[in-house]
Amino acid sequence: MFIGLLSNCQNKNTVVKNNVNNVEKKSANDCKAIFRKFNEKLVVEENDSALYYLDKAIECDPKNNSFKYSKVKFLTNIKKYEDAIKQLDELTSNSTDPSLKMQKGILKLKINAVDSKNVLEKCYAEFNQIEKPTSSNSLYKIALDNYFKGKEYSLNEIKKFRQEYMGKPYETDNINALEELIKKESKENVLFKLFDIND
């Protein structure tokens, strides 16, 4: 009899777990559906509606950093830089990714915040301490090289990057684009254009 009860309880537990998983999956799908509505409104440039659905998607799935980063990009695109910084504050509190802090520093630079240089200096130090940087880490560091050490220094760093990533088309395209920016733009505009912060 005891074995029968134990077996019956295990079956009930399985049903409860399956129901919980189905609710979670449905909820995740619902959140993605709301996010798709954001994208639909974004395409037709209905910014107020787009922001409404984006906030609803984040409310639906508050742990989804992809939704939150989409909000940063959206707010940046519509030039609500201070709101984008607030959203980045939330993201950087749960992340060690220096590129998010760099983006925050660049947005602060865009609005002429007094602490922008300090934020960028800290990011630059973090990028310089990464022992095995990704190609993206290296690109961001070179953009900051240009900001803090000047054009000639950063162009020399680009030569090193090319040697390291020789034969890799994606990296080559990215470094070529960054090199063109460094040659043509001010050090501030290089940073702005790197994160699609337009005039």
# chains A, B, ... in the order shown; residues from 1 in each chain; ligands from 1
>>> residues_around(residues="Tyr140 (chain A)", least_positions_apart="4", cutoff="9 Å", atoms="only C-alpha atoms", output="ChimeraX atom specification")
/A:99,102,124,127,135-136,144-145,191,194
>>> write_last_selection(atoms="N, CA and C atoms", output="short mmCIF file (atom, residue, chain, number, x, y, z; two decimals), in the first residue's frame")
data_model
loop_
_atom_site.label_atom_id
_atom_site.label_comp_id
_atom_site.auth_asym_id
_atom_site.auth_seq_id
_atom_site.Cartn_x
_atom_site.Cartn_y
_atom_site.Cartn_z
N SER A 99 31.14 46.63 -22.27
CA SER A 99 30.57 47.35 -23.42
C SER A 99 29.27 48.07 -23.03
N MET A 102 30.41 51.11 -21.30
CA MET A 102 30.94 52.01 -22.32
C MET A 102 29.80 52.76 -23.01
N TYR A 124 37.61 51.85 -20.13
CA TYR A 124 38.88 51.68 -20.83
C TYR A 124 39.84 50.83 -20.00
N PHE A 127 38.64 47.20 -20.25
CA PHE A 127 39.01 46.57 -21.52
C PHE A 127 40.49 46.23 -21.56
N SER A 135 36.91 39.66 -30.28
CA SER A 135 37.14 40.67 -31.32
C SER A 135 36.34 41.93 -31.01
N SER A 136 35.13 41.78 -30.47
CA SER A 136 34.32 42.95 -30.10
C SER A 136 35.00 43.75 -29.00
N LEU A 144 38.25 53.36 -27.86
CA LEU A 144 38.64 54.13 -26.67
C LEU A 144 40.11 54.54 -26.74
N ASP A 145 40.96 53.72 -27.38
CA ASP A 145 42.35 54.14 -27.64
C ASP A 145 42.34 55.47 -28.39
N LEU A 191 32.91 57.37 -31.29
CA LEU A 191 32.18 56.67 -30.23
C LEU A 191 30.68 56.71 -30.48
N LEU A 194 29.75 54.39 -33.34
CA LEU A 194 29.95 52.99 -32.97
C LEU A 194 28.69 52.40 -32.33
#
>>> residues_around(residues="Glu188 (chain A)", least_positions_apart="5", cutoff="12 Å", atoms="only C-alpha atoms", output="PDB file with all heavy atoms, in the first residue's frame")
ATOM      1  N   GLY A 105      28.614  55.432 -20.820  1.00  0.00           N
ATOM      2  CA  GLY A 105      29.550  56.555 -20.826  1.00  0.00           C
ATOM      3  C   GLY A 105      29.420  57.406 -22.083  1.00  0.00           C
ATOM      4  O   GLY A 105      29.499  58.642 -22.030  1.00  0.00           O
ATOM      5  N   ILE A 106      29.199  56.747 -23.216  1.00  0.00           N
ATOM      6  CA  ILE A 106      29.061  57.464 -24.483  1.00  0.00           C
ATOM      7  C   ILE A 106      27.762  58.269 -24.509  1.00  0.00           C
ATOM      8  O   ILE A 106      27.729  59.412 -24.980  1.00  0.00           O
ATOM      9  CB  ILE A 106      29.152  56.482 -25.674  1.00  0.00           C
ATOM     10  CG1 ILE A 106      30.569  55.891 -25.749  1.00  0.00           C
ATOM     11  CG2 ILE A 106      28.801  57.166 -26.988  1.00  0.00           C
ATOM     12  CD1 ILE A 106      30.696  54.704 -26.678  1.00  0.00           C
ATOM     13  N   LEU A 107      26.676  57.683 -23.987  1.00  0.00           N
ATOM     14  CA  LEU A 107      25.422  58.434 -23.894  1.00  0.00           C
ATOM     15  C   LEU A 107      25.572  59.638 -22.965  1.00  0.00           C
ATOM     16  O   LEU A 107      25.049  60.716 -23.239  1.00  0.00           O
ATOM     17  CB  LEU A 107      24.285  57.525 -23.419  1.00  0.00           C
ATOM     18  CG  LEU A 107      23.751  56.553 -24.469  1.00  0.00           C
ATOM     19  CD1 LEU A 107      22.888  55.474 -23.819  1.00  0.00           C
ATOM     20  CD2 LEU A 107      22.961  57.283 -25.546  1.00  0.00           C
ATOM     21  N   LYS A 108      26.316  59.457 -21.883  1.00  0.00           N
ATOM     22  CA  LYS A 108      26.579  60.575 -20.978  1.00  0.00           C
ATOM     23  C   LYS A 108      27.402  61.651 -21.688  1.00  0.00           C
ATOM     24  O   LYS A 108      27.178  62.845 -21.485  1.00  0.00           O
ATOM     25  CB  LYS A 108      27.294  60.088 -19.718  1.00  0.00           C
ATOM     26  CG  LYS A 108      26.374  59.394 -18.724  1.00  0.00           C
ATOM     27  CD  LYS A 108      27.134  58.914 -17.502  1.00  0.00           C
ATOM     28  CE  LYS A 108      26.204  58.504 -16.391  1.00  0.00           C
ATOM     29  NZ  LYS A 108      25.737  59.598 -15.566  1.00  0.00           N
ATOM     30  N   LEU A 109      28.342  61.207 -22.514  1.00  0.00           N
ATOM     31  CA  LEU A 109      29.135  62.149 -23.302  1.00  0.00           C
ATOM     32  C   LEU A 109      28.231  62.937 -24.255  1.00  0.00           C
ATOM     33  O   LEU A 109      28.393  64.146 -24.430  1.00  0.00           O
ATOM     34  CB  LEU A 109      30.212  61.383 -24.085  1.00  0.00           C
ATOM     35  CG  LEU A 109      31.193  62.186 -24.919  1.00  0.00           C
ATOM     36  CD1 LEU A 109      32.085  63.053 -24.042  1.00  0.00           C
ATOM     37  CD2 LEU A 109      32.052  61.245 -25.772  1.00  0.00           C
ATOM     38  N   LYS A 110      27.265  62.260 -24.831  1.00  0.00           N
ATOM     39  CA  LYS A 110      26.334  62.891 -25.772  1.00  0.00           C
ATOM     40  C   LYS A 110      25.519  63.997 -25.108  1.00  0.00           C
ATOM     41  O   LYS A 110      25.233  65.029 -25.715  1.00  0.00           O
ATOM     42  CB  LYS A 110      25.407  61.829 -26.377  1.00  0.00           C
ATOM     43  CG  LYS A 110      24.471  62.349 -27.439  1.00  0.00           C
ATOM     44  CD  LYS A 110      25.206  62.727 -28.701  1.00  0.00           C
ATOM     45  CE  LYS A 110      24.245  63.174 -29.786  1.00  0.00           C
ATOM     46  NZ  LYS A 110      24.936  63.642 -30.983  1.00  0.00           N
ATOM     47  N   ILE A 111      25.139  63.789 -23.840  1.00  0.00           N
ATOM     48  CA  ILE A 111      24.348  64.805 -23.139  1.00  0.00           C
ATOM     49  C   ILE A 111      25.236  65.732 -22.298  1.00  0.00           C
ATOM     50  O   ILE A 111      24.735  66.502 -21.485  1.00  0.00           O
ATOM     51  CB  ILE A 111      23.230  64.167 -22.278  1.00  0.00           C
ATOM     52  CG1 ILE A 111      23.814  63.276 -21.184  1.00  0.00           C
ATOM     53  CG2 ILE A 111      22.235  63.409 -23.132  1.00  0.00           C
ATOM     54  CD1 ILE A 111      22.793  62.815 -20.142  1.00  0.00           C
ATOM     55  N   ASN A 112      26.543  65.628 -22.496  1.00  0.00           N
ATOM     56  CA  ASN A 112      27.515  66.476 -21.786  1.00  0.00           C
ATOM     57  C   ASN A 112      27.454  66.329 -20.269  1.00  0.00           C
ATOM     58  O   ASN A 112      27.617  67.311 -19.531  1.00  0.00           O
ATOM     59  CB  ASN A 112      27.332  67.955 -22.170  1.00  0.00           C
ATOM     60  CG  ASN A 112      27.592  68.190 -23.634  1.00  0.00           C
ATOM     61  OD1 ASN A 112      28.589  67.723 -24.178  1.00  0.00           O
ATOM     62  ND2 ASN A 112      26.687  68.897 -24.296  1.00  0.00           N
ATOM     63  N   SER A 116      30.976  61.846 -17.619  1.00  0.00           N
ATOM     64  CA  SER A 116      31.105  60.969 -18.796  1.00  0.00           C
ATOM     65  C   SER A 116      32.535  60.464 -18.985  1.00  0.00           C
ATOM     66  O   SER A 116      32.755  59.279 -19.221  1.00  0.00           O
ATOM     67  CB  SER A 116      30.634  61.681 -20.063  1.00  0.00           C
ATOM     68  OG  SER A 116      31.403  62.838 -20.308  1.00  0.00           O
ATOM     69  N   LYS A 117      33.522  61.353 -18.854  1.00  0.00           N
ATOM     70  CA  LYS A 117      34.914  60.950 -19.059  1.00  0.00           C
ATOM     71  C   LYS A 117      35.337  59.939 -18.007  1.00  0.00           C
ATOM     72  O   LYS A 117      36.035  58.970 -18.304  1.00  0.00           O
ATOM     73  CB  LYS A 117      35.829  62.174 -19.038  1.00  0.00           C
ATOM     74  CG  LYS A 117      37.247  61.850 -19.458  1.00  0.00           C
ATOM     75  CD  LYS A 117      38.107  63.075 -19.602  1.00  0.00           C
ATOM     76  CE  LYS A 117      39.510  62.677 -20.024  1.00  0.00           C
ATOM     77  NZ  LYS A 117      40.418  63.832 -20.079  1.00  0.00           N
ATOM     78  N   LEU A 120      33.951  56.554 -18.937  1.00  0.00           N
ATOM     79  CA  LEU A 120      34.702  55.989 -20.068  1.00  0.00           C
ATOM     80  C   LEU A 120      36.106  55.545 -19.642  1.00  0.00           C
ATOM     81  O   LEU A 120      36.601  54.524 -20.118  1.00  0.00           O
ATOM     82  CB  LEU A 120      34.777  56.999 -21.211  1.00  0.00           C
ATOM     83  CG  LEU A 120      33.451  57.252 -21.938  1.00  0.00           C
ATOM     84  CD1 LEU A 120      33.584  58.409 -22.919  1.00  0.00           C
ATOM     85  CD2 LEU A 120      32.964  55.995 -22.654  1.00  0.00           C
ATOM     86  N   ALA A 143      38.489  51.848 -30.163  1.00  0.00           N
ATOM     87  CA  ALA A 143      37.712  53.099 -30.219  1.00  0.00           C
ATOM     88  C   ALA A 143      38.053  53.984 -29.022  1.00  0.00           C
ATOM     89  O   ALA A 143      38.174  55.211 -29.151  1.00  0.00           O
ATOM     90  CB  ALA A 143      36.222  52.791 -30.262  1.00  0.00           C
ATOM     91  N   LEU A 144      38.254  53.362 -27.861  1.00  0.00           N
ATOM     92  CA  LEU A 144      38.641  54.130 -26.672  1.00  0.00           C
ATOM     93  C   LEU A 144      40.109  54.544 -26.739  1.00  0.00           C
ATOM     94  O   LEU A 144      40.475  55.609 -26.217  1.00  0.00           O
ATOM     95  CB  LEU A 144      38.340  53.327 -25.404  1.00  0.00           C
ATOM     96  CG  LEU A 144      36.853  53.196 -25.073  1.00  0.00           C
ATOM     97  CD1 LEU A 144      36.628  52.194 -23.952  1.00  0.00           C
ATOM     98  CD2 LEU A 144      36.237  54.544 -24.716  1.00  0.00           C
ATOM     99  N   ASP A 145      40.959  53.723 -27.378  1.00  0.00           N
ATOM    100  CA  ASP A 145      42.350  54.143 -27.642  1.00  0.00           C
ATOM    101  C   ASP A 145      42.337  55.471 -28.390  1.00  0.00           C
ATOM    102  O   ASP A 145      43.087  56.397 -28.060  1.00  0.00           O
ATOM    103  CB  ASP A 145      43.091  53.122 -28.528  1.00  0.00           C
ATOM    104  CG  ASP A 145      43.474  51.840 -27.812  1.00  0.00           C
ATOM    105  OD1 ASP A 145      43.631  51.867 -26.579  1.00  0.00           O
ATOM    106  OD2 ASP A 145      43.615  50.814 -28.505  1.00  0.00           O
ATOM    107  N   ASN A 146      41.492  55.543 -29.410  1.00  0.00           N
ATOM    108  CA  ASN A 146      41.383  56.746 -30.224  1.00  0.00           C
ATOM    109  C   ASN A 146      40.947  57.940 -29.368  1.00  0.00           C
ATOM    110  O   ASN A 146      41.464  59.042 -29.511  1.00  0.00           O
ATOM    111  CB  ASN A 146      40.393  56.515 -31.365  1.00  0.00           C
ATOM    112  CG  ASN A 146      40.246  57.715 -32.265  1.00  0.00           C
ATOM    113  OD1 ASN A 146      41.204  58.203 -32.842  1.00  0.00           O
ATOM    114  ND2 ASN A 146      39.027  58.217 -32.376  1.00  0.00           N
ATOM    115  N   TYR A 147      40.018  57.696 -28.449  1.00  0.00           N
ATOM    116  CA  TYR A 147      39.497  58.771 -27.602  1.00  0.00           C
ATOM    117  C   TYR A 147      40.549  59.257 -26.601  1.00  0.00           C
ATOM    118  O   TYR A 147      40.714  60.459 -26.396  1.00  0.00           O
ATOM    119  CB  TYR A 147      38.238  58.294 -26.868  1.00  0.00           C
ATOM    120  CG  TYR A 147      37.551  59.381 -26.091  1.00  0.00           C
ATOM    121  CD1 TYR A 147      36.785  60.347 -26.741  1.00  0.00           C
ATOM    122  CD2 TYR A 147      37.669  59.462 -24.709  1.00  0.00           C
ATOM    123  CE1 TYR A 147      36.151  61.363 -26.034  1.00  0.00           C
ATOM    124  CE2 TYR A 147      37.040  60.469 -23.995  1.00  0.00           C
ATOM    125  CZ  TYR A 147      36.290  61.415 -24.657  1.00  0.00           C
ATOM    126  OH  TYR A 147      35.673  62.427 -23.944  1.00  0.00           O
ATOM    127  N   PHE A 148      41.259  58.307 -25.985  1.00  0.00           N
ATOM    128  CA  PHE A 148      42.190  58.681 -24.920  1.00  0.00           C
ATOM    129  C   PHE A 148      43.640  58.866 -25.379  1.00  0.00           C
ATOM    130  O   PHE A 148      44.371  59.660 -24.800  1.00  0.00           O
ATOM    131  CB  PHE A 148      42.142  57.646 -23.785  1.00  0.00           C
ATOM    132  CG  PHE A 148      40.882  57.719 -22.982  1.00  0.00           C
ATOM    133  CD1 PHE A 148      39.923  56.722 -23.070  1.00  0.00           C
ATOM    134  CD2 PHE A 148      40.627  58.788 -22.136  1.00  0.00           C
ATOM    135  CE1 PHE A 148      38.752  56.789 -22.331  1.00  0.00           C
ATOM    136  CE2 PHE A 148      39.460  58.867 -21.393  1.00  0.00           C
ATOM    137  CZ  PHE A 148      38.522  57.867 -21.495  1.00  0.00           C
ATOM    138  N   GLY A 150      44.643  58.970 -28.928  1.00  0.00           N
ATOM    139  CA  GLY A 150      44.771  59.629 -30.218  1.00  0.00           C
ATOM    140  C   GLY A 150      44.712  58.699 -31.415  1.00  0.00           C
ATOM    141  O   GLY A 150      44.772  57.475 -31.304  1.00  0.00           O
ATOM    142  N   LYS A 151      44.620  59.352 -32.561  1.00  0.00           N
ATOM    143  CA  LYS A 151      44.409  58.669 -33.842  1.00  0.00           C
ATOM    144  C   LYS A 151      45.556  57.744 -34.207  1.00  0.00           C
ATOM    145  O   LYS A 151      45.347  56.593 -34.596  1.00  0.00           O
ATOM    146  CB  LYS A 151      44.214  59.740 -34.921  1.00  0.00           C
ATOM    147  CG  LYS A 151      43.712  59.231 -36.235  1.00  0.00           C
ATOM    148  CD  LYS A 151      43.389  60.373 -37.178  1.00  0.00           C
ATOM    149  CE  LYS A 151      42.131  61.070 -36.716  1.00  0.00           C
ATOM    150  NZ  LYS A 151      41.547  61.959 -37.726  1.00  0.00           N
ATOM    151  N   LEU A 181      36.072  55.326 -39.725  1.00  0.00           N
ATOM    152  CA  LEU A 181      35.538  56.289 -38.764  1.00  0.00           C
ATOM    153  C   LEU A 181      36.660  57.080 -38.096  1.00  0.00           C
ATOM    154  O   LEU A 181      36.595  58.310 -37.977  1.00  0.00           O
ATOM    155  CB  LEU A 181      34.716  55.574 -37.680  1.00  0.00           C
ATOM    156  CG  LEU A 181      33.309  55.119 -38.021  1.00  0.00           C
ATOM    157  CD1 LEU A 181      32.697  54.387 -36.842  1.00  0.00           C
ATOM    158  CD2 LEU A 181      32.431  56.304 -38.407  1.00  0.00           C
ATOM    159  N   ILE A 182      37.691  56.372 -37.660  1.00  0.00           N
ATOM    160  CA  ILE A 182      38.809  57.022 -36.969  1.00  0.00           C
ATOM    161  C   ILE A 182      39.506  58.023 -37.881  1.00  0.00           C
ATOM    162  O   ILE A 182      39.879  59.119 -37.453  1.00  0.00           O
ATOM    163  CB  ILE A 182      39.796  55.965 -36.414  1.00  0.00           C
ATOM    164  CG1 ILE A 182      39.150  55.230 -35.229  1.00  0.00           C
ATOM    165  CG2 ILE A 182      41.121  56.601 -36.008  1.00  0.00           C
ATOM    166  CD1 ILE A 182      39.891  54.007 -34.742  1.00  0.00           C
ATOM    167  N   LYS A 193      29.029  57.034 -33.340  1.00  0.00           N
ATOM    168  CA  LYS A 193      28.652  56.215 -34.499  1.00  0.00           C
ATOM    169  C   LYS A 193      28.817  54.724 -34.209  1.00  0.00           C
ATOM    170  O   LYS A 193      28.098  53.903 -34.755  1.00  0.00           O
ATOM    171  CB  LYS A 193      29.446  56.635 -35.733  1.00  0.00           C
ATOM    172  CG  LYS A 193      29.008  57.990 -36.264  1.00  0.00           C
ATOM    173  CD  LYS A 193      29.781  58.418 -37.486  1.00  0.00           C
ATOM    174  CE  LYS A 193      29.372  59.814 -37.919  1.00  0.00           C
ATOM    175  NZ  LYS A 193      28.095  59.870 -38.601  1.00  0.00           N
ATOM    176  N   LEU A 194      29.748  54.387 -33.341  1.00  0.00           N
ATOM    177  CA  LEU A 194      29.951  52.991 -32.967  1.00  0.00           C
ATOM    178  C   LEU A 194      28.685  52.403 -32.327  1.00  0.00           C
ATOM    179  O   LEU A 194      28.378  51.232 -32.506  1.00  0.00           O
ATOM    180  CB  LEU A 194      31.139  52.892 -31.999  1.00  0.00           C
ATOM    181  CG  LEU A 194      31.709  51.530 -31.692  1.00  0.00           C
ATOM    182  CD1 LEU A 194      32.324  50.894 -32.932  1.00  0.00           C
ATOM    183  CD2 LEU A 194      32.763  51.638 -30.608  1.00  0.00           C
ATOM    184  N   PHE A 195      27.944  53.246 -31.608  1.00  0.00           N
ATOM    185  CA  PHE A 195      26.716  52.796 -30.940  1.00  0.00           C
ATOM    186  C   PHE A 195      25.462  53.394 -31.568  1.00  0.00           C
ATOM    187  O   PHE A 195      24.417  53.478 -30.928  1.00  0.00           O
ATOM    188  CB  PHE A 195      26.783  53.114 -29.450  1.00  0.00           C
ATOM    189  CG  PHE A 195      27.649  52.157 -28.673  1.00  0.00           C
ATOM    190  CD1 PHE A 195      28.981  52.449 -28.429  1.00  0.00           C
ATOM    191  CD2 PHE A 195      27.148  50.951 -28.219  1.00  0.00           C
ATOM    192  CE1 PHE A 195      29.790  51.569 -27.741  1.00  0.00           C
ATOM    193  CE2 PHE A 195      27.953  50.064 -27.525  1.00  0.00           C
ATOM    194  CZ  PHE A 195      29.277  50.366 -27.283  1.00  0.00           C
ATOM    195  N   ILE A 197      24.529  56.358 -32.290  1.00  0.00           N
ATOM    196  CA  ILE A 197      23.993  57.568 -31.675  1.00  0.00           C
ATOM    197  C   ILE A 197      24.141  58.675 -32.703  1.00  0.00           C
ATOM    198  O   ILE A 197      25.244  59.139 -32.971  1.00  0.00           O
ATOM    199  CB  ILE A 197      24.722  57.910 -30.360  1.00  0.00           C
ATOM    200  CG1 ILE A 197      24.603  56.739 -29.376  1.00  0.00           C
ATOM    201  CG2 ILE A 197      24.177  59.196 -29.749  1.00  0.00           C
ATOM    202  CD1 ILE A 197      25.517  56.838 -28.174  1.00  0.00           C
ATOM    203  N   ASN A 198      23.024  59.056 -33.300  1.00  0.00           N
ATOM    204  CA  ASN A 198      23.058  59.990 -34.420  1.00  0.00           C
ATOM    205  C   ASN A 198      22.766  61.408 -33.956  1.00  0.00           C
ATOM    206  O   ASN A 198      22.213  61.629 -32.883  1.00  0.00           O
ATOM    207  CB  ASN A 198      22.044  59.560 -35.486  1.00  0.00           C
ATOM    208  CG  ASN A 198      22.341  58.160 -35.982  1.00  0.00           C
ATOM    209  OD1 ASN A 198      23.459  57.841 -36.344  1.00  0.00           O
ATOM    210  ND2 ASN A 198      21.329  57.309 -35.961  1.00  0.00           N
ATOM    211  N   ASP A 199      23.110  62.373 -34.828  1.00  0.00           N
ATOM    212  CA  ASP A 199      22.844  63.789 -34.517  1.00  0.00           C
ATOM    213  C   ASP A 199      21.357  64.079 -34.555  1.00  0.00           C
ATOM    214  O   ASP A 199      20.588  63.477 -35.216  1.00  0.00           O
ATOM    215  CB  ASP A 199      23.558  64.684 -35.518  1.00  0.00           C
ATOM    216  CG  ASP A 199      25.079  64.581 -35.360  1.00  0.00           C
ATOM    217  OD1 ASP A 199      25.528  64.307 -34.234  1.00  0.00           O
ATOM    218  OD2 ASP A 199      25.791  64.768 -36.351  1.00  0.00           O
TER     219      ASP A 199
END
>>> atom_distance(atom1="CA of Glu152 (chain A)", atom2="CA of Lys168 (chain A)")
24.1 Å
>>> select_by_dssp(residues="region 115-180 of chain A", states="helix (DSSP H, G or I)", output="MDAnalysis selection string")
chainID A and resid 116:129 135:149 151:164 169:180
>>> write_last_selection(atoms="C-alpha atoms", output="CSV table (one decimal), in the first residue's frame")
chain,number,residue,atom,x,y,z
A,116,SER,CA,31.1,61.0,-18.8
A,117,LYS,CA,34.9,60.9,-19.1
A,118,ASN,CA,35.2,59.2,-15.7
A,119,VAL,CA,32.8,56.5,-16.8
A,120,LEU,CA,34.7,56.0,-20.1
A,121,GLU,CA,38.1,55.9,-18.3
A,122,LYS,CA,36.8,53.1,-16.0
A,123,CYS,CA,35.6,51.1,-19.1
A,124,TYR,CA,38.9,51.7,-20.8
A,125,ALA,CA,40.7,50.3,-17.8
A,126,GLU,CA,38.4,47.3,-17.8
A,127,PHE,CA,39.0,46.6,-21.5
A,128,ASN,CA,42.8,46.8,-21.0
A,129,GLN,CA,42.6,44.2,-18.2
A,135,SER,CA,37.1,40.7,-31.3
A,136,SER,CA,34.3,42.9,-30.1
A,137,ASN,CA,36.2,43.7,-26.9
A,138,SER,CA,39.3,44.6,-29.0
A,139,LEU,CA,37.2,46.9,-31.3
A,140,TYR,CA,35.7,48.8,-28.4
A,141,LYS,CA,39.1,49.1,-26.8
A,142,ILE,CA,40.6,50.6,-30.1
A,143,ALA,CA,37.7,53.1,-30.2
A,144,LEU,CA,38.6,54.1,-26.7
A,145,ASP,CA,42.4,54.1,-27.6
A,146,ASN,CA,41.4,56.7,-30.2
A,147,TYR,CA,39.5,58.8,-27.6
A,148,PHE,CA,42.2,58.7,-24.9
A,149,LYS,CA,45.5,58.2,-26.8
A,151,LYS,CA,44.4,58.7,-33.8
A,152,GLU,CA,48.0,57.4,-34.5
A,153,TYR,CA,48.0,55.1,-31.5
A,154,SER,CA,44.6,53.6,-32.5
A,155,LEU,CA,45.6,53.1,-36.1
A,156,ASN,CA,48.7,51.2,-34.9
A,157,GLU,CA,46.4,49.0,-32.8
A,158,ILE,CA,44.3,48.4,-35.9
A,159,LYS,CA,47.3,46.9,-37.6
A,160,LYS,CA,47.8,44.5,-34.7
A,161,PHE,CA,44.1,43.6,-34.8
A,162,ARG,CA,44.4,42.8,-38.6
A,163,GLN,CA,47.3,40.5,-38.0
A,164,GLU,CA,45.4,38.6,-35.2
A,169,PRO,CA,35.9,38.4,-43.0
A,170,TYR,CA,33.5,39.5,-40.3
A,171,GLU,CA,36.3,40.9,-38.1
A,172,THR,CA,38.0,42.4,-41.2
A,173,ASP,CA,34.8,44.3,-42.2
A,174,ASN,CA,34.3,45.6,-38.7
A,175,ILE,CA,37.9,46.8,-38.3
A,176,ASN,CA,37.8,48.4,-41.8
A,177,ALA,CA,34.6,50.3,-40.8
A,178,LEU,CA,36.2,51.4,-37.5
A,179,GLU,CA,39.4,52.5,-39.3
A,180,GLU,CA,37.3,54.7,-41.7
